[in-house]
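The structure file target-v3.cif is reproduced below (mmCIF, C-alpha atoms).
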```
data_run
#
loop_
_atom_site.group_PDB
_atom_site.id
_atom_site.type_symbol
_atom_site.label_atom_id
_atom_site.label_comp_id
_atom_site.auth_asym_id
_atom_site.auth_seq_id
_atom_site.Cartn_x
_atom_site.Cartn_y
_atom_site.Cartn_z
ATOM 1 C CA MET A 1 -73.805 -165.986 49.801
ATOM 2 C CA TYR A 2 -70.348 -166.765 48.459
ATOM 3 C CA ASP A 3 -68.337 -163.985 46.828
ATOM 4 C CA HIS A 4 -65.948 -164.206 43.902
ATOM 5 C CA ARG A 5 -62.939 -164.482 46.196
ATOM 6 C CA TYR A 6 -64.421 -167.525 47.885
ATOM 7 C CA ILE A 7 -65.330 -169.092 44.522
ATOM 8 C CA ARG A 8 -61.687 -168.780 43.437
ATOM 9 C CA GLY A 9 -60.754 -170.824 46.447
ATOM 10 C CA VAL A 10 -63.026 -173.654 45.347
ATOM 11 C CA LEU A 11 -62.827 -173.736 41.529
ATOM 12 C CA PRO A 12 -59.502 -174.243 39.679
ATOM 13 C CA HIS A 13 -60.606 -172.031 36.762
ATOM 14 C CA ARG A 14 -59.056 -168.586 36.506
ATOM 15 C CA HIS A 15 -59.477 -165.354 34.566
ATOM 16 C CA PRO A 16 -60.816 -165.062 31.923
ATOM 17 C CA ILE A 17 -62.632 -168.401 32.034
ATOM 18 C CA LEU A 18 -63.764 -168.374 35.640
ATOM 19 C CA LEU A 19 -67.409 -167.790 34.755
ATOM 20 C CA VAL A 20 -69.131 -167.729 38.148
ATOM 21 C CA ASP A 21 -69.326 -164.361 39.902
ATOM 22 C CA GLN A 22 -71.416 -165.153 42.939
ATOM 23 C CA VAL A 23 -73.149 -168.112 44.560
ATOM 24 C CA GLU A 24 -76.444 -167.066 46.111
ATOM 25 C CA GLU A 25 -77.666 -170.313 47.648
ATOM 26 C CA ILE A 26 -76.313 -173.773 48.243
ATOM 27 C CA SER A 27 -77.876 -176.905 49.635
ATOM 28 C CA TYR A 28 -75.076 -179.475 49.882
ATOM 29 C CA PHE A 29 -75.227 -182.399 47.454
ATOM 30 C CA ASP A 30 -78.570 -181.047 46.255
ATOM 31 C CA ARG A 31 -78.880 -177.600 44.657
ATOM 32 C CA VAL A 32 -77.026 -174.382 43.925
ATOM 33 C CA VAL A 33 -78.059 -170.962 42.617
ATOM 34 C CA ALA A 34 -75.200 -169.018 41.048
ATOM 35 C CA VAL A 35 -74.908 -165.880 38.924
ATOM 36 C CA LYS A 36 -72.617 -164.651 36.176
ATOM 37 C CA ALA A 37 -72.726 -161.120 34.774
ATOM 38 C CA VAL A 38 -72.172 -160.874 31.020
ATOM 39 C CA THR A 39 -70.015 -157.953 29.921
ATOM 40 C CA GLY A 40 -68.830 -156.610 26.593
ATOM 41 C CA SER A 41 -65.265 -156.550 27.889
ATOM 42 C CA GLU A 42 -64.946 -160.354 27.725
ATOM 43 C CA PRO A 43 -62.495 -161.845 25.211
ATOM 44 C CA ALA A 44 -65.448 -163.281 23.217
ATOM 45 C CA TYR A 45 -66.218 -159.735 22.042
ATOM 46 C CA ALA A 46 -62.628 -158.735 21.301
ATOM 47 C CA ARG A 47 -62.708 -159.553 17.588
ATOM 48 C CA LEU A 48 -66.307 -158.604 16.849
ATOM 49 C CA PRO A 49 -66.348 -156.089 13.952
ATOM 50 C CA ASP A 50 -67.982 -152.709 14.656
ATOM 51 C CA ASP A 51 -70.539 -153.232 11.893
ATOM 52 C CA SER A 52 -71.812 -156.515 13.352
ATOM 53 C CA PRO A 53 -75.611 -156.853 13.495
ATOM 54 C CA PRO A 54 -77.288 -156.972 16.944
ATOM 55 C CA SER A 55 -77.663 -160.763 16.890
ATOM 56 C CA HIS A 56 -73.894 -161.190 16.704
ATOM 57 C CA TYR A 57 -73.590 -159.658 20.183
ATOM 58 C CA ALA A 58 -75.268 -162.701 21.773
ATOM 59 C CA TYR A 59 -73.108 -164.217 24.495
ATOM 60 C CA PRO A 60 -71.677 -167.477 23.109
ATOM 61 C CA ARG A 61 -73.940 -170.346 24.076
ATOM 62 C CA SER A 62 -70.922 -172.549 24.684
ATOM 63 C CA LEU A 63 -69.782 -170.160 27.430
ATOM 64 C CA MET A 64 -73.261 -170.224 28.979
ATOM 65 C CA ILE A 65 -72.884 -173.993 29.326
ATOM 66 C CA GLU A 66 -69.374 -173.637 30.733
ATOM 67 C CA SER A 67 -70.664 -171.170 33.329
ATOM 68 C CA PHE A 68 -73.460 -173.587 34.287
ATOM 69 C CA GLY A 69 -70.968 -176.437 34.536
ATOM 70 C CA GLN A 70 -68.735 -174.410 36.834
ATOM 71 C CA SER A 71 -71.735 -173.675 39.059
ATOM 72 C CA GLY A 72 -72.381 -177.413 39.272
ATOM 73 C CA ALA A 73 -68.707 -178.040 39.985
ATOM 74 C CA PHE A 74 -68.879 -175.531 42.836
ATOM 75 C CA LEU A 75 -71.885 -177.388 44.263
ATOM 76 C CA TRP A 76 -70.085 -180.716 44.198
ATOM 77 C CA MET A 77 -66.734 -179.488 45.463
ATOM 78 C CA GLU A 78 -68.138 -177.318 48.212
ATOM 79 C CA SER A 79 -70.405 -180.188 49.309
ATOM 80 C CA ILE A 80 -67.439 -182.531 49.470
ATOM 81 C CA ARG A 81 -65.427 -180.004 51.462
ATOM 82 C CA ALA A 82 -68.305 -179.464 53.886
ATOM 83 C CA ALA A 83 -68.542 -183.224 54.405
ATOM 84 C CA GLY A 84 -64.835 -183.358 55.239
ATOM 85 C CA GLN A 85 -64.081 -185.473 52.180
ATOM 86 C CA GLU A 86 -61.560 -185.018 49.396
ATOM 87 C CA LEU A 87 -62.149 -185.120 45.656
ATOM 88 C CA PRO A 88 -60.025 -187.913 44.133
ATOM 89 C CA GLY A 89 -58.452 -185.922 41.294
ATOM 90 C CA THR A 90 -59.266 -183.203 38.796
ATOM 91 C CA LEU A 91 -62.804 -182.392 37.749
ATOM 92 C CA ILE A 92 -63.591 -183.038 34.070
ATOM 93 C CA PHE A 93 -66.671 -182.164 32.026
ATOM 94 C CA ALA A 94 -67.415 -185.651 30.666
ATOM 95 C CA VAL A 95 -70.910 -185.774 29.173
ATOM 96 C CA ALA A 96 -73.833 -183.470 28.379
ATOM 97 C CA ARG A 97 -77.260 -184.556 27.142
ATOM 98 C CA ASP A 98 -80.541 -182.922 26.226
ATOM 99 C CA VAL A 99 -79.446 -179.301 26.303
ATOM 100 C CA THR A 100 -82.016 -176.969 24.712
ATOM 101 C CA TYR A 101 -81.441 -173.279 24.029
ATOM 102 C CA HIS A 102 -84.396 -170.897 24.228
ATOM 103 C CA ARG A 103 -83.010 -167.385 24.295
ATOM 104 C CA ASN A 104 -79.810 -165.382 24.162
ATOM 105 C CA ALA A 105 -77.976 -163.273 26.718
ATOM 106 C CA TYR A 106 -76.280 -159.994 25.837
ATOM 107 C CA PRO A 107 -73.759 -157.719 27.556
ATOM 108 C CA GLY A 108 -75.499 -156.245 30.576
ATOM 109 C CA ASP A 109 -77.523 -159.411 31.231
ATOM 110 C CA THR A 110 -77.041 -161.693 34.209
ATOM 111 C CA LEU A 111 -77.112 -165.465 33.886
ATOM 112 C CA ARG A 112 -78.763 -167.181 36.837
ATOM 113 C CA HIS A 113 -77.919 -170.863 37.078
ATOM 114 C CA ILE A 114 -80.007 -173.321 39.022
ATOM 115 C CA ALA A 115 -78.118 -176.611 39.136
ATOM 116 C CA ARG A 116 -79.348 -179.748 40.847
ATOM 117 C CA MET A 117 -77.272 -182.763 41.729
ATOM 118 C CA GLU A 118 -79.263 -185.845 40.805
ATOM 119 C CA ARG A 119 -76.855 -188.429 42.119
ATOM 120 C CA VAL A 120 -73.212 -189.349 42.536
ATOM 121 C CA VAL A 121 -71.990 -192.708 41.201
ATOM 122 C CA GLY A 122 -68.354 -193.403 41.997
ATOM 123 C CA PRO A 123 -66.324 -190.473 40.621
ATOM 124 C CA ASN A 124 -69.270 -189.208 38.526
ATOM 125 C CA ALA A 125 -71.756 -186.501 39.511
ATOM 126 C CA PHE A 126 -74.988 -186.212 37.521
ATOM 127 C CA LEU A 127 -76.344 -182.661 37.319
ATOM 128 C CA ASN A 128 -79.283 -180.995 35.631
ATOM 129 C CA GLY A 129 -80.859 -177.569 35.723
ATOM 130 C CA GLN A 130 -81.678 -174.328 33.978
ATOM 131 C CA ILE A 131 -80.116 -171.049 33.014
ATOM 132 C CA TRP A 132 -82.343 -167.984 33.473
ATOM 133 C CA VAL A 133 -81.829 -164.567 31.923
ATOM 134 C CA GLY A 134 -83.916 -161.648 33.164
ATOM 135 C CA GLY A 135 -86.642 -163.918 34.548
ATOM 136 C CA GLU A 136 -86.895 -165.938 31.337
ATOM 137 C CA LEU A 137 -85.784 -169.507 30.824
ATOM 138 C CA ALA A 138 -82.771 -169.355 28.489
ATOM 139 C CA VAL A 139 -81.352 -172.887 28.537
ATOM 140 C CA GLU A 140 -82.571 -176.239 29.838
ATOM 141 C CA ILE A 141 -79.885 -178.754 30.743
ATOM 142 C CA GLY A 142 -81.178 -182.315 30.871
ATOM 143 C CA SER A 143 -78.023 -183.917 32.157
ATOM 144 C CA VAL A 144 -74.362 -183.104 32.687
ATOM 145 C CA ILE A 145 -71.872 -185.608 34.051
ATOM 146 C CA ALA A 146 -68.768 -184.277 35.771
ATOM 147 C CA THR A 147 -66.038 -186.791 36.521
ATOM 148 C CA ALA A 148 -63.181 -186.623 38.994
ATOM 149 C CA ARG A 149 -60.208 -188.028 37.132
ATOM 150 C CA GLU A 150 -56.670 -188.654 38.323
ATOM 151 C CA ALA A 151 -54.414 -185.920 36.957
ATOM 152 C CA SER A 152 -52.007 -188.565 35.654
ATOM 153 C CA ALA A 153 -54.751 -189.676 33.250
ATOM 154 C CA LEU A 154 -54.936 -186.211 31.727
ATOM 155 C CA GLY A 155 -51.435 -185.699 30.416
ATOM 156 C CA GLU A 156 -47.761 -186.193 30.891
ATOM 157 C CA GLU A 157 -47.090 -183.350 33.280
ATOM 158 C CA SER A 158 -46.579 -183.855 36.947
ATOM 159 C CA PRO A 159 -49.893 -184.251 38.748
ATOM 160 C CA SER A 160 -48.700 -181.680 41.260
ATOM 161 C CA ALA A 161 -48.882 -179.062 38.505
ATOM 162 C CA GLY A 162 -52.567 -179.769 38.071
ATOM 163 C CA PRO A 163 -55.442 -178.140 39.862
ATOM 164 C CA ARG A 164 -55.716 -180.234 42.992
ATOM 165 C CA LEU A 165 -59.154 -179.073 43.838
ATOM 166 C CA ALA A 166 -59.559 -180.159 47.418
ATOM 167 C CA THR A 167 -56.227 -178.558 48.300
ATOM 168 C CA THR A 168 -57.045 -175.153 46.826
ATOM 169 C CA GLY A 169 -60.428 -175.199 48.550
ATOM 170 C CA ASN A 170 -58.963 -175.984 51.929
ATOM 171 C CA THR A 171 -56.255 -173.369 51.623
ATOM 172 C CA HIS A 172 -58.784 -170.685 50.995
ATOM 173 C CA LEU A 173 -61.026 -171.753 53.838
ATOM 174 C CA GLU A 174 -58.172 -171.486 56.273
ATOM 175 C CA GLU A 175 -57.656 -167.921 55.113
ATOM 176 C CA LEU A 176 -61.311 -167.108 55.662
ATOM 177 C CA SER A 177 -61.667 -168.617 59.106
ATOM 178 C CA MET B 1 -58.925 -176.601 1.755
ATOM 179 C CA ASN B 2 -60.775 -173.447 2.678
ATOM 180 C CA GLY B 3 -59.975 -170.705 5.143
ATOM 181 C CA PRO B 4 -61.679 -170.304 8.510
ATOM 182 C CA THR B 5 -64.734 -168.155 9.026
ATOM 183 C CA VAL B 6 -63.402 -164.779 10.134
ATOM 184 C CA SER B 7 -66.572 -162.847 10.837
ATOM 185 C CA GLY B 8 -69.735 -163.972 12.540
ATOM 186 C CA PRO B 9 -71.359 -163.976 15.952
ATOM 187 C CA ALA B 10 -69.260 -163.421 19.078
ATOM 188 C CA ALA B 11 -67.250 -166.553 19.836
ATOM 189 C CA PRO B 12 -64.759 -167.388 22.573
ATOM 190 C CA LEU B 13 -62.067 -168.102 20.003
ATOM 191 C CA VAL B 14 -61.428 -168.974 16.377
ATOM 192 C CA ALA B 15 -61.847 -172.685 16.981
ATOM 193 C CA VAL B 16 -60.914 -173.930 13.503
ATOM 194 C CA ASP B 17 -57.757 -173.088 11.530
ATOM 195 C CA GLU B 18 -59.126 -174.565 8.330
ATOM 196 C CA ILE B 19 -62.076 -176.572 7.130
ATOM 197 C CA ASP B 20 -62.306 -179.169 4.409
ATOM 198 C CA VAL B 21 -65.780 -179.215 2.858
ATOM 199 C CA ILE B 22 -66.234 -182.707 1.463
ATOM 200 C CA SER B 23 -69.903 -182.325 0.461
ATOM 201 C CA PRO B 24 -72.958 -180.356 1.660
ATOM 202 C CA HIS B 25 -73.313 -183.145 4.213
ATOM 203 C CA GLU B 26 -69.742 -183.595 5.373
ATOM 204 C CA VAL B 27 -66.998 -181.331 6.666
ATOM 205 C CA THR B 28 -63.781 -181.728 8.628
ATOM 206 C CA GLY B 29 -62.400 -178.895 10.727
ATOM 207 C CA ARG B 30 -58.823 -178.738 11.934
ATOM 208 C CA LYS B 31 -57.649 -176.822 15.004
ATOM 209 C CA PHE B 32 -54.066 -176.661 16.280
ATOM 210 C CA VAL B 33 -54.377 -175.949 19.998
ATOM 211 C CA ARG B 34 -52.040 -173.318 21.409
ATOM 212 C CA ALA B 35 -51.444 -172.494 25.054
ATOM 213 C CA ASP B 36 -51.970 -168.807 24.183
ATOM 214 C CA ASP B 37 -55.383 -169.315 22.580
ATOM 215 C CA PRO B 38 -58.030 -167.010 24.103
ATOM 216 C CA TYR B 39 -59.323 -168.083 27.536
ATOM 217 C CA LEU B 40 -56.821 -170.932 27.892
ATOM 218 C CA GLU B 41 -54.567 -169.118 30.383
ATOM 219 C CA GLY B 42 -57.286 -169.726 32.966
ATOM 220 C CA HIS B 43 -58.049 -173.349 32.028
ATOM 221 C CA TYR B 44 -56.006 -174.188 34.033
ATOM 222 C CA PRO B 45 -52.958 -172.257 35.259
ATOM 223 C CA GLY B 46 -49.928 -174.550 34.937
ATOM 224 C CA PHE B 47 -51.944 -177.356 33.345
ATOM 225 C CA THR B 48 -53.661 -176.265 30.149
ATOM 226 C CA ILE B 49 -56.559 -178.302 28.767
ATOM 227 C CA TYR B 50 -58.647 -177.287 25.734
ATOM 228 C CA PRO B 51 -62.103 -177.004 27.325
ATOM 229 C CA GLY B 52 -64.841 -179.399 26.255
ATOM 230 C CA ILE B 53 -67.051 -176.489 25.277
ATOM 231 C CA PHE B 54 -64.300 -175.338 22.898
ATOM 232 C CA VAL B 55 -64.424 -178.754 21.221
ATOM 233 C CA ILE B 56 -68.118 -177.974 20.672
ATOM 234 C CA GLU B 57 -67.050 -174.585 19.264
ATOM 235 C CA SER B 58 -64.669 -176.322 16.847
ATOM 236 C CA ILE B 59 -67.515 -178.525 15.621
ATOM 237 C CA SER B 60 -69.945 -175.585 15.417
ATOM 238 C CA GLN B 61 -67.543 -173.380 13.482
ATOM 239 C CA SER B 62 -66.742 -176.208 11.058
ATOM 240 C CA VAL B 63 -70.444 -176.645 10.345
ATOM 241 C CA ALA B 64 -70.936 -172.857 10.108
ATOM 242 C CA GLY B 65 -68.265 -172.808 7.409
ATOM 243 C CA LEU B 66 -69.984 -175.629 5.552
ATOM 244 C CA VAL B 67 -73.385 -173.935 5.774
ATOM 245 C CA ALA B 68 -71.996 -170.611 4.574
ATOM 246 C CA ARG B 69 -70.757 -172.354 1.437
ATOM 247 C CA THR B 70 -73.917 -174.414 0.915
ATOM 248 C CA TRP B 71 -76.751 -171.941 1.497
ATOM 249 C CA GLU B 72 -76.822 -168.561 -0.167
ATOM 250 C CA ASP B 73 -79.576 -166.673 1.630
ATOM 251 C CA ARG B 74 -79.783 -168.420 4.998
ATOM 252 C CA ALA B 75 -76.158 -168.942 5.763
ATOM 253 C CA GLY B 76 -76.213 -168.087 9.471
ATOM 254 C CA LEU B 77 -76.191 -170.846 12.050
ATOM 255 C CA GLU B 78 -77.533 -170.674 15.583
ATOM 256 C CA PRO B 79 -77.017 -173.446 18.159
ATOM 257 C CA ALA B 80 -80.364 -175.016 19.063
ATOM 258 C CA GLY B 81 -79.289 -177.769 21.392
ATOM 259 C CA ILE B 82 -76.894 -180.492 22.430
ATOM 260 C CA THR B 83 -78.494 -183.893 22.016
ATOM 261 C CA SER B 84 -75.418 -185.546 23.475
ATOM 262 C CA VAL B 85 -71.710 -184.961 23.775
ATOM 263 C CA ARG B 86 -69.107 -187.198 25.350
ATOM 264 C CA PHE B 87 -65.500 -186.208 25.951
ATOM 265 C CA THR B 88 -63.261 -189.250 25.935
ATOM 266 C CA ALA B 89 -59.689 -187.905 25.978
ATOM 267 C CA PRO B 90 -58.165 -184.535 26.870
ATOM 268 C CA VAL B 91 -56.943 -182.132 24.171
ATOM 269 C CA ARG B 92 -53.839 -180.192 25.164
ATOM 270 C CA PRO B 93 -51.576 -177.501 23.651
ATOM 271 C CA GLY B 94 -49.603 -178.929 20.743
ATOM 272 C CA ASP B 95 -52.436 -181.264 19.808
ATOM 273 C CA THR B 96 -54.308 -180.946 16.535
ATOM 274 C CA LEU B 97 -58.033 -181.507 16.859
ATOM 275 C CA LEU B 98 -59.779 -182.968 13.808
ATOM 276 C CA ALA B 99 -63.564 -182.608 13.926
ATOM 277 C CA HIS B 100 -65.286 -184.792 11.345
ATOM 278 C CA CYS B 101 -68.912 -183.730 11.014
ATOM 279 C CA GLN B 102 -71.819 -185.354 9.192
ATOM 280 C CA VAL B 103 -74.610 -182.891 8.572
ATOM 281 C CA SER B 104 -78.271 -183.471 7.724
ATOM 282 C CA TYR B 105 -81.123 -181.065 6.999
ATOM 283 C CA PRO B 106 -84.300 -182.839 8.173
ATOM 284 C CA GLY B 107 -86.639 -179.942 7.429
ATOM 285 C CA ASP B 108 -87.653 -176.413 8.322
ATOM 286 C CA ASP B 109 -84.515 -174.650 9.490
ATOM 287 C CA LEU B 110 -83.138 -177.579 11.462
ATOM 288 C CA VAL B 111 -79.550 -178.758 11.002
ATOM 289 C CA GLN B 112 -78.460 -181.976 12.712
ATOM 290 C CA VAL B 113 -74.808 -182.834 13.194
ATOM 291 C CA ARG B 114 -73.023 -185.997 14.199
ATOM 292 C CA ALA B 115 -69.387 -185.316 14.938
ATOM 293 C CA GLU B 116 -66.405 -187.398 15.861
ATOM 294 C CA CYS B 117 -63.233 -185.678 17.038
ATOM 295 C CA ARG B 118 -59.767 -187.165 17.041
ATOM 296 C CA ASN B 119 -56.305 -185.855 17.790
ATOM 297 C CA GLN B 120 -53.241 -186.086 15.514
ATOM 298 C CA ARG B 121 -52.486 -189.577 16.848
ATOM 299 C CA GLY B 122 -55.946 -190.821 15.855
ATOM 300 C CA VAL B 123 -57.173 -191.005 19.453
ATOM 301 C CA LYS B 124 -60.878 -190.253 19.720
ATOM 302 C CA THR B 125 -61.363 -187.213 21.947
ATOM 303 C CA ALA B 126 -65.107 -186.582 21.646
ATOM 304 C CA THR B 127 -68.346 -187.640 20.002
ATOM 305 C CA ALA B 128 -71.286 -185.292 19.699
ATOM 306 C CA ARG B 129 -74.788 -184.945 18.335
ATOM 307 C CA LEU B 130 -75.737 -181.281 18.017
ATOM 308 C CA GLU B 131 -78.675 -179.333 16.593
ATOM 309 C CA PHE B 132 -78.638 -175.915 14.966
ATOM 310 C CA ARG B 133 -81.048 -173.622 13.175
ATOM 311 C CA LEU B 134 -80.350 -171.836 9.925
ATOM 312 C CA THR B 135 -80.812 -168.081 10.146
ATOM 313 C CA GLU B 136 -80.568 -165.290 7.656
ATOM 314 C CA VAL B 137 -77.174 -163.676 7.696
ATOM 315 C CA GLY B 138 -77.137 -160.777 10.115
ATOM 316 C CA ALA B 139 -80.770 -161.292 11.053
ATOM 317 C CA ASP B 140 -81.873 -159.692 14.283
ATOM 318 C CA VAL B 141 -83.031 -162.451 16.591
#
```

Would you kindly transcribe this structure into structure tokens?
Amino acid sequence: MYDHRYIRGVLPHRHPILLVDQVEEISYFDRVVAVKAVTGSEPAYARLPDDSPPSHYAYPRSLMIESFGQSGAFLWMESIRAAGQELPGTLIFAVARDVTYHRNAYPGDTLRHIARMERVVGPNAFLNGQIWVGGELAVEIGSVIATAREASALGEESPSAGPRLATTGNTHLEELS
Amino acid sequence: MNGPTVSGPAAPLVAVDEIDVISPHEVTGRKFVRADDPYLEGHYPGFTIYPGIFVIESISQSVAGLVARTWEDRAGLEPAGITSVRFTAPVRPGDTLLAHCQVSYPGDDLVQVRAECRNQRGVKTATARLEFRLTEVGADV
């Protein structure tokens, strides 16, 4: 089990868009099970009017996908770290295909992500999986491609200002050991 | 030009500043990306990128605005799926995202969207095919 502190050491995302609370299981380069608790204190609910109907309290489906993607990113980055390798750049959400929504999540629910790594081709990792809410299948994800891209390809700022993923992961591991 | 949708389901941010409804089948949404937009402080510290899922939000909210103006009784819109989405260039603070959406209504409650997003320099940043379902406004799901 990996706690939130450990996850911060692996993923470059930070509050309030670090959407993985705990990683329950990992099988390197293969599969991860991660959870995210949905709460009404998230920014997504900040502007919701008091007279909104119940359906408007559904957790945004876009954030469910982001949370799944971060779980997959954790799988890839932690696998790479465990293998003593280094990710060549910054991780980018490049492609998603065949995503089907079945049910909503609401404040108080827990998202359980099961992400599988199909294969890695060059700097691209192909993931698929499901999001479960309360024992029910909420979202099926046919395919997500995450790409490691050189920070210089992302903008004009110094690459050193970017989230150098392997570095942050290693730093944290040294603290833990 | 029309104003953005201000009330609706919970959303991570107001992802369109304005929408231009061209016809019941075509809409363009415009979003000026700011470093202090909700959630962006954590994506990522010191190197802000407008998340890909927020590009999907910009498309979705543009179409929601179109649907609200086109349908009287069933003007709610619920995401049903992502057929495909491809992000081809990063969107960063100071950029203006233009989401051009072509919308079809193939039957039942289904809404299909083909979107192409560009920045203010005309660079394509994303293409997407999304599906939604029409719902009654404020219906309990």

Given the PyMOL selection byres ((chain B and resi 104-120) around 7) and the file above, list the residues it selects as a list in words.
His25, Asp95, Thr96, Leu97, Leu98, Ala99, His100, Cys101, Gln102, Val103, Arg121, Gly122, Val123, Lys124, Thr125, Ala126, Thr127, Ala128, Arg129, Leu130, Glu131, Phe132, Arg133 and Leu134 of chain B

Go through chain B residue by residue and, counting only C-alpha atoms, keep those with an atom at most 6 Å from chain A; for each kept residue give the shortest atom pair and its distance in Å to one decimal, ordered by chain and increasing number, as a tab-separated table.
```
residue	atom	partner	partner_atom	distance
B:Pro9	CA	A:His56	CA	3.8
B:Ala10	CA	A:Tyr45	CA	5.6
B:Ala11	CA	A:Ala44	CA	5.0
B:Pro12	CA	A:Ala44	CA	4.2
B:Tyr39	CA	A:Pro16	CA	5.5
B:Gly42	CA	A:Arg14	CA	4.1
B:His43	CA	A:His13	CA	5.5
B:Tyr44	CA	A:His13	CA	5.8
B:Gly46	CA	A:Ala161	CA	5.8
B:Phe47	CA	A:Gly162	CA	5.3
B:Ile53	CA	A:Ser62	CA	5.6
B:Ala80	CA	A:Tyr101	CA	5.4
B:Gly81	CA	A:Thr100	CA	4.4
B:Ile82	CA	A:Val99	CA	4.8
B:Thr83	CA	A:Asp98	CA	4.8
B:Ser84	CA	A:Arg97	CA	4.2
B:Val85	CA	A:Ala96	CA	5.3
B:Arg86	CA	A:Val95	CA	4.5
B:Phe87	CA	A:Ala94	CA	5.1
B:Gly138	CA	A:Pro53	CA	5.4
B:Asp140	CA	A:Ser55	CA	5.1
B:Val141	CA	A:Ser55	CA	5.6
```

Using all atoms listed in the file, determine which residues lie at most 9 Å from Gly108 of chain A, disregarding the query and same-chain residues fewer than 2 positions distant; provide the list as a PyMOL selection string.
chain A and resi 37-40+105-106+110

Show me as a list in words the residues that reach within 7 Å of (-73.0, -180.1, 38.3), counting all atoms listed in the file and using the file's own coordinates.
Gly69, Ser71, Gly72, Ala73, Leu75, Trp76, Ala115, Arg116, Met117, Ala125, Phe126, Leu127, Asn128, Val144 and Ala146 of chain A

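Once the PyMOL selection byres ((chain B and resi 66) around 8) is applied to the shown structure, the selection contains Val21, Pro24, Glu26, Val27, Ser62, Val63, Ala64, Gly65, Val67, Ala68, Arg69 and Thr70 of chain B.
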
Within 6 Å of Ala34 of chain A using all atoms listed in the file, minus same-chain residues under 5 positions, as a VMD selection string:
chain A and resid 22 to 24 112 to 113

As a check of understanding, name the residues that the PyMOL selection byres ((chain A and resi 132) around 9) selects in the supplied structure, as JSON, numbers by chain.
{"A": [110, 111, 112, 113, 114, 130, 131, 133, 134, 135, 136, 137, 138, 139]}

Computed interatomic separation between atom CA of Gln70 of chain A and atom CA of Leu19 of chain A (Å)
7.1 Å

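One distance worth recording is that between atom CA of Trp71 of chain B and atom CA of Asp50 of chain A, which is 24.9 Å.
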
How far is it from atom CA of Phe32 of chain B to atom CA of Ala148 of chain A, in Å with one decimal?
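A separation of 26.4 Å between them.
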
Hey, what's within 7 Å of Arg92 of chain B if we count all atoms listed in the file and toss same-chain stuff fewer than 5 positions away? As a PDB file with C-alpha atoms, in the frame of the given file, please?
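Wrote selection-v5.pdb, looks like this:
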```pdb
ATOM      1  CA  VAL B  33     -54.377-175.949  19.998  1.00  0.00           C
ATOM      2  CA  THR B  48     -53.661-176.265  30.149  1.00  0.00           C
ATOM      3  CA  ILE B  49     -56.559-178.302  28.767  1.00  0.00           C
ATOM      4  CA  TYR B  50     -58.647-177.287  25.734  1.00  0.00           C
TER       5      TYR B  50
END
```
